[in-house]
Amino acid sequence: MKIKIIEKNWENYNGYFGSVMFEDGIGETDEVTATRLGCQIQIENVEDGEVINPYAPPSIREMPIESVLYERQEEKVEETVEEEKVEETVEEKIYTLEELQSIADEKGIQGIREIATPMDIKGTSINVLIDGILNAQKK
C-alpha cells in the first residue's frame with residue numbers, strides 16, 4: 001500500500017520514518033505498519049485518499065519494530081563480510097612477471113592498476129606498476 005504524509009511541514013519528507021522509506025512524502029508499506037505510522041503522524045492512503053485511522057488497536061501499536069531493524073543490520077553485516085572475503089582472495093594471488101605482462105597486453109595499464117590498487121601501489125607506467133607489484137609480493 002502506498003501512503004503519503006499529510007502532516008504540516010512533513011509533506012516532502014525524504015528518508016526513513018520507522019521502517020518505511022519516504023521519497024517526497026510518499027512511501028510503500030503494509031497495512032499494519034501504515035496504521036502504526038498513522039498513530040504518530042498524519043498519513044493517507046494514496047490509492048483511495050483515505051486518512052489512515054490514528055486509533056489503532058493496542059495489539060498493533062505495541063508490536064516491536066526492532067526485529068525489522070535487526071534484520072536489515074544483519075544483511076549489511078553479511079554483505080560486508082562477503083566483500084572482505086573477496087578482497088582477501090585478490091590480495092593472496094601471487095602474480096609472475098609473465099602473468100602481469102600478459103594482463104598488460106590484454107587490458108593495458110587499467111588491468112595492471114586493478115591489481116596494484118588493492119596493494120596501494122601507484123604509478124604512471126605499466127613497468128613501474130609491475131615492478132611495484134612484484135616487490136610487494138616479495139614482502
# chains A, B, ... in the order shown; residues from 1 in each chain; ligands from 1
$ residues_around --residues "A:Glu114" --least-positions-apart "5" --cutoff "12 Å" --atoms "only C-alpha atoms" --output "list of chain:residue names"
A:Glu87, A:Val90, A:Glu91, A:Leu100, A:Ile103, A:Ala104, A:Lys107, A:Gly108, A:Ile109, A:Met119, A:Asp120, A:Ile121, A:Lys122, A:Ile126, A:Leu129, A:Ile130, A:Ile133
$ write_last_selection --atoms "N, CA and C atoms" --output "JSON list (two decimals), in the first residue's frame"
[["chain", "number", "residue", "atom", "x", "y", "z"],
["A", 87, "GLU", "N", 38.13, -9.31, -1.19],
["A", 87, "GLU", "CA", 39.37, -8.54, -1.16],
["A", 87, "GLU", "C", 40.54, -9.40, -0.70],
["A", 90, "VAL", "N", 41.85, -11.58, -3.54],
["A", 90, "VAL", "CA", 42.57, -10.82, -4.56],
["A", 90, "VAL", "C", 43.99, -10.58, -4.08],
["A", 91, "GLU", "N", 44.18, -10.24, -2.80],
["A", 91, "GLU", "CA", 45.49, -9.94, -2.27],
["A", 91, "GLU", "C", 46.37, -11.19, -2.17],
["A", 100, "LEU", "N", 51.71, -10.81, -15.37],
["A", 100, "LEU", "CA", 51.47, -9.37, -15.37],
["A", 100, "LEU", "C", 51.66, -8.77, -16.76],
["A", 103, "ILE", "N", 48.58, -9.65, -18.76],
["A", 103, "ILE", "CA", 47.45, -8.79, -18.39],
["A", 103, "ILE", "C", 47.62, -7.42, -19.00],
["A", 104, "ALA", "N", 48.85, -6.92, -19.00],
["A", 104, "ALA", "CA", 49.12, -5.60, -19.59],
["A", 104, "ALA", "C", 48.84, -5.62, -21.10],
["A", 107, "LYS", "N", 44.68, -5.97, -21.22],
["A", 107, "LYS", "CA", 43.85, -4.90, -20.66],
["A", 107, "LYS", "C", 44.56, -3.56, -20.55],
["A", 108, "GLY", "N", 45.84, -3.53, -20.81],
["A", 108, "GLY", "CA", 46.58, -2.28, -20.72],
["A", 108, "GLY", "C", 46.86, -1.88, -19.28],
["A", 109, "ILE", "N", 47.15, -0.60, -19.10],
["A", 109, "ILE", "CA", 47.52, -0.10, -17.77],
["A", 109, "ILE", "C", 46.36, -0.23, -16.78],
["A", 119, "MET", "N", 46.88, -3.17, -3.43],
["A", 119, "MET", "CA", 48.18, -3.24, -2.77],
["A", 119, "MET", "C", 48.72, -1.85, -2.44],
["A", 120, "ASP", "N", 47.96, -0.83, -2.78],
["A", 120, "ASP", "CA", 48.32, 0.58, -2.55],
["A", 120, "ASP", "C", 49.58, 0.95, -3.32],
["A", 121, "ILE", "N", 49.65, 0.46, -4.56],
["A", 121, "ILE", "CA", 50.78, 0.76, -5.43],
["A", 121, "ILE", "C", 50.28, 1.73, -6.50],
["A", 122, "LYS", "N", 51.04, 2.82, -6.69],
["A", 122, "LYS", "CA", 50.64, 3.82, -7.67],
["A", 122, "LYS", "C", 51.79, 4.04, -8.64],
["A", 126, "ILE", "N", 53.20, 1.21, -16.98],
["A", 126, "ILE", "CA", 53.00, -0.22, -16.75],
["A", 126, "ILE", "C", 54.21, -0.82, -16.06],
["A", 129, "LEU", "N", 54.34, 0.02, -12.33],
["A", 129, "LEU", "CA", 53.32, -0.72, -11.61],
["A", 129, "LEU", "C", 53.70, -2.20, -11.45],
["A", 130, "ILE", "N", 54.19, -2.80, -12.52],
["A", 130, "ILE", "CA", 54.60, -4.21, -12.46],
["A", 130, "ILE", "C", 55.72, -4.40, -11.44],
["A", 133, "ILE", "N", 54.28, -4.20, -7.96],
["A", 133, "ILE", "CA", 53.52, -5.41, -7.61],
["A", 133, "ILE", "C", 54.47, -6.54, -7.24]]
$ residues_around --residues "A:Ile5" --least-positions-apart "2" --cutoff "9 Å" --atoms "only C-alpha atoms" --output "number ranges by chain"
A: 3, 7-8, 10-13, 22, 24-27, 41-44
$ write_last_selection --atoms "C-alpha atoms" --output "JSON list (two decimals), in the first residue's frame"
[["chain", "number", "residue", "atom", "x", "y", "z"],
["A", 3, "ILE", "CA", 0.99, 6.09, 1.80],
["A", 7, "GLU", "CA", 1.28, 16.28, 8.38],
["A", 8, "LYS", "CA", 2.03, 20.01, 8.15],
["A", 10, "TRP", "CA", 6.31, 16.96, 6.53],
["A", 11, "GLU", "CA", 4.69, 16.69, 3.09],
["A", 12, "ASN", "CA", 8.00, 16.42, 1.18],
["A", 13, "TYR", "CA", 9.93, 14.31, 3.71],
["A", 22, "PHE", "CA", 9.75, 8.03, 2.08],
["A", 24, "ASP", "CA", 8.84, 13.34, -1.43],
["A", 25, "GLY", "CA", 6.47, 12.31, 1.35],
["A", 26, "ILE", "CA", 5.39, 9.07, -0.34],
["A", 27, "GLY", "CA", 6.31, 5.59, 0.89],
["A", 41, "ILE", "CA", 1.95, 11.31, 12.12],
["A", 42, "GLN", "CA", -0.90, 12.14, 9.76],
["A", 43, "ILE", "CA", -0.79, 9.96, 6.65],
["A", 44, "GLU", "CA", -3.23, 8.94, 3.96]]
$ atom_distance --atom1 "atom CA of A:Asp105" --atom2 "atom CA of A:Thr124"
16.2 Å
$ residues_around --residues "A:Gln137" --least-positions-apart "5" --cutoff "9 Å" --atoms "only C-alpha atoms" --output "count of residues only"
3
$ atom_distance --atom1 "atom CA of A:Ile6" --atom2 "atom CA of A:Glu31"
17.0 Å
